[in-house]
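run_36.cif (mmCIF, C-alpha atoms) appears below.
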data_entry
#
loop_
_atom_site.label_atom_id
_atom_site.label_comp_id
_atom_site.auth_asym_id
_atom_site.auth_seq_id
_atom_site.Cartn_x
_atom_site.Cartn_y
_atom_site.Cartn_z
CA MET A 1 0.00 0.00 0.00
CA ALA A 2 1.32 3.44 -0.99
CA GLU A 3 2.26 5.75 1.85
CA LYS A 4 0.42 9.05 2.32
CA SER A 5 1.84 12.40 3.36
CA THR A 6 0.29 14.44 6.13
CA LYS A 7 -1.68 16.22 3.40
CA GLY A 8 -3.03 12.94 2.04
CA GLU A 9 -0.74 12.94 -1.03
CA THR A 10 0.53 9.64 -2.42
CA LEU A 11 4.29 9.26 -1.81
CA CYS A 12 6.79 7.59 -4.14
CA ALA A 13 8.21 4.30 -2.77
CA GLY A 14 11.63 5.36 -4.04
CA CYS A 15 12.18 8.97 -2.98
CA SER A 16 9.27 9.35 -0.51
CA LYS A 17 8.19 12.58 -2.22
CA PRO A 18 4.63 13.33 -3.47
CA ILE A 19 4.01 11.65 -6.82
CA GLY A 20 1.49 13.94 -8.49
CA MET A 21 -0.67 12.77 -11.38
CA LYS A 22 1.55 10.17 -13.09
CA TRP A 23 3.22 7.10 -11.63
CA VAL A 24 4.06 3.46 -12.26
CA VAL A 25 2.96 0.55 -10.09
CA ALA A 26 5.51 -2.16 -9.28
CA LEU A 27 6.16 -4.46 -6.32
CA ASP A 28 2.69 -3.45 -5.04
CA GLN A 29 3.83 0.15 -4.63
CA LYS A 30 3.65 3.42 -6.57
CA TRP A 31 6.77 5.11 -7.95
CA HIS A 32 7.82 8.11 -10.01
CA ARG A 33 8.68 6.77 -13.45
CA TYR A 34 12.36 7.73 -13.02
CA CYS A 35 12.56 6.40 -9.42
CA PHE A 36 11.73 2.82 -10.38
CA SER A 37 15.18 2.10 -11.79
CA CYS A 38 17.85 -0.58 -11.94
CA ASP A 39 20.19 -0.43 -8.95
CA SER A 40 23.12 -1.40 -11.22
CA CYS A 41 22.85 0.89 -14.26
CA LYS A 42 20.43 3.43 -12.70
CA MET A 43 18.25 3.38 -15.84
CA PRO A 44 14.43 3.38 -15.42
CA ILE A 45 12.84 -0.07 -15.60
CA ASP A 46 9.67 -0.61 -17.61
CA SER A 47 7.35 -2.00 -14.91
CA LYS A 48 5.45 -3.99 -17.54
CA LYS A 49 8.56 -5.92 -18.58
CA SER A 50 10.68 -8.48 -16.75
CA PHE A 51 13.10 -7.43 -14.04
CA PHE A 52 14.73 -9.12 -11.05
CA PHE A 53 14.21 -8.28 -7.39
CA ASP A 54 16.35 -9.98 -4.74
CA LYS A 55 17.12 -8.81 -1.18
CA GLY A 56 15.73 -5.36 -1.91
CA VAL A 57 17.83 -4.89 -5.07
CA ARG A 58 16.17 -4.21 -8.45
CA THR A 59 18.04 -5.40 -11.57
CA CYS A 60 17.04 -4.92 -15.21
CA VAL A 61 17.30 -7.82 -17.65
CA ASP A 62 20.32 -6.30 -19.46
CA CYS A 63 22.35 -6.04 -16.25
CA ALA A 64 21.25 -9.50 -15.12
CA LYS A 65 22.49 -10.97 -18.40
CA LYS A 66 25.99 -9.69 -17.64
CA ASP A 67 26.11 -12.08 -14.66
CA ASP A 68 24.12 -14.87 -16.34
CA PRO A 69 24.22 -14.79 -20.18
CA SER A 70 21.71 -17.65 -20.29
CA ILE A 71 18.87 -15.40 -19.05
CA GLY A 72 16.17 -15.30 -21.71
CA GLU A 73 17.20 -18.63 -23.22
CA SER A 74 15.18 -21.82 -22.85
CA LYS A 75 16.14 -23.83 -19.76
CA THR A 76 15.84 -27.46 -18.74
CA CYS A 77 15.47 -28.62 -15.16
CA GLN A 78 18.42 -30.71 -13.98
CA GLY A 79 16.08 -32.61 -11.68
CA CYS A 80 13.13 -33.72 -13.82
CA GLY A 81 14.58 -33.03 -17.26
CA GLU A 82 11.55 -30.97 -18.32
CA ALA A 83 11.52 -27.41 -19.70
CA ILE A 84 11.39 -24.50 -17.27
CA ASP A 85 8.73 -21.99 -18.24
CA LYS A 86 9.05 -19.26 -15.60
CA ALA A 87 10.87 -19.23 -12.27
CA TRP A 88 13.89 -21.36 -11.52
CA VAL A 89 16.72 -21.74 -9.04
CA ILE A 90 20.41 -22.18 -9.77
CA GLY A 91 22.28 -24.85 -7.85
CA LEU A 92 25.36 -26.98 -8.50
CA GLY A 93 25.93 -24.94 -11.67
CA ASN A 94 22.58 -25.96 -13.20
CA THR A 95 19.00 -24.70 -13.39
CA TRP A 96 16.15 -26.44 -11.53
CA HIS A 97 12.47 -26.02 -10.87
CA SER A 98 12.36 -24.79 -7.27
CA SER A 99 10.32 -27.88 -6.34
CA CYS A 100 12.91 -30.20 -7.94
CA PHE A 101 15.93 -28.89 -6.07
CA LYS A 102 15.57 -31.19 -3.08
CA CYS A 103 17.67 -33.41 -0.87
CA THR A 104 18.36 -36.77 -2.47
CA GLU A 105 18.11 -38.42 0.96
CA CYS A 106 15.04 -36.96 2.70
CA SER A 107 13.37 -35.27 -0.33
CA ARG A 108 13.07 -31.93 1.47
CA VAL A 109 13.09 -28.96 -0.92
CA ILE A 110 16.36 -27.06 -0.41
CA ASP A 111 16.69 -23.29 -0.53
CA PRO A 112 19.83 -22.69 -2.67
CA LYS A 113 20.88 -20.02 -0.13
CA GLU A 114 21.11 -22.54 2.71
CA LYS A 115 24.06 -24.83 3.28
CA PHE A 116 23.89 -28.06 1.26
CA PHE A 117 26.33 -30.58 -0.21
CA LYS A 118 27.00 -32.03 -3.64
CA VAL A 119 26.85 -35.79 -3.97
CA GLU A 120 26.83 -38.08 -6.99
CA VAL A 121 23.90 -40.41 -7.62
CA ASP A 122 23.73 -42.53 -10.78
CA GLY A 123 26.43 -40.40 -12.38
CA LYS A 124 24.61 -37.11 -11.75
CA HIS A 125 25.41 -34.42 -9.20
CA VAL A 126 22.50 -33.80 -6.84
CA PRO A 127 22.11 -31.86 -3.57
CA LYS A 128 22.01 -33.28 -0.07
CA CYS A 129 20.81 -31.10 2.82
CA GLY A 130 23.05 -30.30 5.77
CA ASP A 131 21.04 -32.45 8.20
CA CYS A 132 21.36 -35.58 6.08
CA LYS A 133 25.02 -34.89 5.26
CA VAL A 134 25.94 -35.20 8.94
CA THR A 135 23.37 -37.59 10.31
CA LYS A 136 23.78 -40.12 7.52
CA GLY A 137 27.44 -40.53 8.32
CA ILE A 138 28.82 -39.04 5.11
CA ALA A 139 31.28 -37.09 7.22
CA GLY A 140 32.66 -40.35 8.59
CA LEU A 141 30.48 -40.44 11.70
CA ASP A 142 29.44 -43.67 13.34
CA VAL A 143 25.69 -43.84 12.81
CA LYS A 144 23.85 -46.03 15.29
CA GLU A 145 20.19 -46.77 15.85
CA LYS A 146 18.34 -43.62 16.86
CA VAL A 147 15.21 -43.02 18.89
CA CYS A 148 12.99 -40.00 18.26
CA ALA A 149 12.92 -37.56 21.18
CA GLY A 150 9.30 -36.80 20.36
CA CYS A 151 7.55 -40.16 20.01
CA GLU A 152 10.35 -42.36 21.45
CA LYS A 153 10.11 -44.68 18.45
CA GLU A 154 13.03 -45.84 16.31
CA ILE A 155 14.03 -43.58 13.40
CA GLU A 156 14.55 -45.54 10.22
CA SER A 157 15.38 -42.95 7.57
CA ALA A 158 15.47 -39.14 7.61
CA TRP A 159 15.47 -37.11 10.79
CA VAL A 160 16.09 -33.70 12.32
CA VAL A 161 18.90 -33.00 14.78
CA ALA A 162 18.01 -30.29 17.30
CA LEU A 163 18.62 -29.64 21.00
CA ASN A 164 21.26 -32.40 20.86
CA LYS A 165 18.52 -34.93 20.09
CA HIS A 166 17.13 -36.74 17.06
CA TRP A 167 13.55 -36.30 15.88
CA HIS A 168 11.27 -37.51 13.11
CA HIS A 169 10.49 -34.51 10.89
CA ASP A 170 6.80 -34.76 11.90
CA CYS A 171 7.66 -35.04 15.60
CA PHE A 172 9.77 -31.92 15.83
CA LYS A 173 6.97 -29.52 16.71
CA CYS A 174 6.12 -26.72 19.09
CA SER A 175 5.48 -28.03 22.60
CA HIS A 176 2.80 -25.38 23.09
CA CYS A 177 0.66 -25.30 19.90
CA ASP A 178 1.74 -28.67 18.45
CA ARG A 179 2.62 -27.09 15.09
CA LYS A 180 5.40 -28.77 13.12
CA ILE A 181 8.56 -26.64 13.17
CA ASP A 182 10.43 -26.47 9.87
CA SER A 183 14.13 -27.18 10.18
CA LYS A 184 14.95 -23.78 8.61
CA GLU A 185 12.84 -21.59 10.88
CA GLN A 186 13.91 -20.11 14.19
CA PHE A 187 12.62 -21.53 17.46
CA LEU A 188 13.27 -21.19 21.17
CA THR A 189 13.00 -23.57 24.09
CA ASN A 190 10.97 -23.78 27.26
CA LEU A 191 11.99 -26.34 29.88
CA GLY A 192 14.12 -28.04 27.23
CA ASN A 193 11.29 -28.39 24.69
CA PRO A 194 11.02 -26.54 21.34
CA VAL A 195 8.69 -23.55 21.15
CA CYS A 196 7.84 -21.75 17.89
CA MET A 197 8.41 -18.00 17.69
CA GLY A 198 4.67 -17.32 17.52
CA CYS A 199 3.94 -19.08 20.79
CA ASN A 200 6.99 -17.54 22.41
CA ASN A 201 5.66 -14.07 21.54
CA ASP A 202 2.09 -14.89 22.58
CA HIS A 203 2.67 -16.84 25.77
CA PHE A 204 6.21 -16.45 27.12
CA ARG A 205 7.21 -12.85 26.47
CA SER A 206 5.92 -10.02 28.63
CA LYS A 207 3.20 -7.90 26.99
CA CYS A 208 3.04 -4.13 26.79
CA ALA A 209 0.31 -2.83 29.11
CA VAL A 210 -0.68 -0.26 26.46
CA CYS A 211 -0.71 -2.09 23.09
CA SER A 212 -0.76 -5.69 24.43
CA LYS A 213 1.95 -6.73 21.95
CA PRO A 214 5.04 -8.78 22.97
CA ILE A 215 8.07 -6.83 24.15
CA ALA A 216 11.44 -7.70 22.64
CA GLY A 217 14.50 -6.12 24.19
CA THR A 218 14.38 -3.43 26.88
CA SER A 219 11.15 -2.04 28.32
CA LEU A 220 9.78 0.38 30.89
CA ILE A 221 8.61 -1.42 34.03
CA TYR A 222 6.44 0.04 36.76
CA LYS A 223 4.99 -2.08 39.54
CA GLU A 224 3.74 -5.24 37.77
CA SER A 225 3.35 -3.70 34.29
CA SER A 226 5.74 -3.48 31.34
CA PHE A 227 5.65 -0.97 28.48
CA HIS A 228 7.26 -0.38 25.09
CA HIS A 229 9.13 2.93 25.25
CA ALA A 230 7.20 4.20 22.22
CA CYS A 231 3.85 3.36 23.83
CA VAL A 232 4.34 5.74 26.77
CA ASN A 233 4.33 9.52 26.41
CA CYS A 234 5.63 12.12 28.81
CA TYR A 235 2.54 13.55 30.48
CA VAL A 236 4.11 17.03 30.35
CA CYS A 237 5.45 17.39 26.76
CA ASP A 238 3.50 14.44 25.28
CA GLU A 239 6.60 13.06 23.51
CA ALA A 240 7.14 9.28 23.41
CA PHE A 241 10.08 7.94 25.37
CA LYS A 242 13.03 6.36 23.57
CA VAL A 243 15.13 3.30 24.36
CA GLY A 244 17.92 4.51 26.63
CA ASP A 245 15.79 7.13 28.38
CA HIS A 246 15.72 5.21 31.69
CA GLU A 247 17.93 7.69 33.53
CA ASN A 248 15.78 10.59 32.36
CA ILE A 249 12.37 9.24 33.40
CA ARG A 250 10.47 10.08 36.53
CA ILE A 251 7.12 8.75 37.80
CA VAL A 252 4.72 11.24 39.35
CA ASN A 253 1.22 11.00 40.79
CA GLY A 254 1.87 7.30 41.28
CA LYS A 255 1.02 6.54 37.64
CA ASP A 256 2.37 9.13 35.16
CA PHE A 257 5.74 9.07 33.39
CA LYS A 258 7.63 12.28 32.62
CA HIS A 259 11.04 13.44 31.45
CA ALA A 260 13.11 14.56 34.40
CA ASP A 261 13.73 17.97 32.82
CA CYS A 262 10.08 18.59 31.92
CA LYS A 263 8.45 21.01 34.35
CA LYS A 264 4.80 21.41 35.19
#
For the structure just supplied, provide its representation as structure tokens.
Amino acid sequence: MAEKSTKGETLCAGCSKPIGMKWVVALDQKWHRYCFSCDSCKMPIDSKKSFFFDKGVRTCVDCAKKDDPSIGESKTCQGCGEAIDKAWVIGLGNTWHSSCFKCTECSRVIDPKEKFFKVEVDGKHVPKCGDCKVTKGIAGLDVKEKVCAGCEKEIESAWVVALNKHWHHDCFKCSHCDRKIDSKEQFLTNLGNPVCMGCNNDHFRSKCAVCSKPIAGTSLIYKESSFHHACVNCYVCDEAFKVGDHENIRIVNGKDFKHADCKK
């Protein structure tokens, strides 16, 4: 959604200035025609044509071809051998459908940005995920029978290693909501059991007494209540407090926060 100025004008996603009557729409935002440009050559990009967007960087097709001359040519998936019509990933020096670039051991789809290993199967190089690389003994480890920490049953094939234990993929789940935790996502622990980030925010972090949202990092604490700094205003100047203001905060009337140098 396009941002609005204090006067209700639509702002450009590139320069944050009012757009006026003409604009282009790209990446679900509105831009001045000259602001939606390639970050490499700085030339405007036609929003109706192909371009690349990765980690916040916009790249036109011409600049992308300098790094990968094969862009625009027909491609074949290294995994299934079929033609690639639209999106693809590049791994092991070849192009793949994103759904075909998966671990040869556990069949989990691998993000090319994560750590994986190249192995040879039937004369062809294929990826193996980091979990299977270690737990299957490819690194020379002595692999013994394993019992799942979740269901306490024997693990026969693929598994997850977490919290110094072994788990079936379907058994490694949040101990609070019972949702399966993907091996790539972040999680925390409670009493030695995995907890997803959602449940940690909802049930284990303190909540701001004003907005009721979880508090990450430092907070203002008074009696049994906690507050985000930005949720509490000085009752004298009405400005929100900032992180690091602890030494400059005073409590008056048994309930109001104020800057120490604000007088009333």
Item to check | Picked residues, the PyMOL selection byres ((chain A and resi 13) around 10), as a list in words | outcome: Met1, Ala2, Glu3, Thr10, Leu11, Cys12, Gly14, Cys15, Ser16, Lys17, Pro18, Ile19, Val25, Ala26, Leu27, Asp28, Gln29, Lys30, Trp31, His32, Cys35 and Phe36 of chain A
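Restricting the calculation to only C-alpha atoms, the smallest distance between His97 in chain A and any of A:Ala83, A:Ala230, A:Ala162, A:Ala209 is found for A:Ala83.
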Checklist entry - Counting all atoms listed in the file, what is within 7 Å of Cys231 in chain A, bar same-chain residues fewer than 2 positions away, as number ranges by chain? => result A: 210, 227-229, 233, 240
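If you apply the PyMOL selection byres ((chain A and resi 44) around 12) to this structure, you end up with Gly14, Val24, Trp31, His32, Arg33, Tyr34, Cys35, Phe36, Ser37, Cys38, Asp39, Ser40, Cys41, Lys42, Met43, Ile45, Asp46, Ser47, Lys48, Lys49, Phe51, Arg58, Thr59, Cys60 and Val61 of chain A.
The set of protein, DNA and RNA residues with any counted atom at most 12 Å from (8.4, 12.5, 23.9) (all atoms listed in the file) reads A:His229, A:Ala230, A:Cys231, A:Val232, A:Asn233, A:Cys234, A:Tyr235, A:Val236, A:Cys237, A:Asp238, A:Glu239, A:Ala240, A:Phe241, A:Lys242, A:Val243, A:Asp245, A:Asn248, A:Ile249, A:Phe257, A:Lys258, A:His259, A:Ala260, A:Asp261, A:Cys262.
Those residues that approach Asn193 in chain A to within 12 Å, counting only C-alpha atoms, are Ala149, Gly150, Ala162, Leu163, Asn164, Lys165, Cys171, Phe172, Lys173, Cys174, Ser175, His176, Asp178, Ile181, Phe187, Leu188 and Asn200 of chain A; same-chain residues fewer than 5 positions away are not listed.
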Next on the checklist: Measuring between only C-alpha atoms, which one of A:Cys208, A:Cys63, A:Cys106, A:Ile84 shows the shortest distance to Ile221 in chain A?
Outcome noted: A:Cys208
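Going from CA of Asp202 in chain A to CA of Cys148 in chain A covers 27.7 Å.
The residue that comes closest to Gln78 in chain A, out of A:Glu185, A:His168, A:Gly91, A:Lys223 and on the basis of only C-alpha atoms, is A:Gly91.
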Next on the checklist: With the PyMOL selection byres ((chain A and resi 110) around 9) as the selection, what would be picked from this file? Answer as a ChimeraX atom specification, please.
Outcome noted: /A:98-103,107-109,111-116,127-129
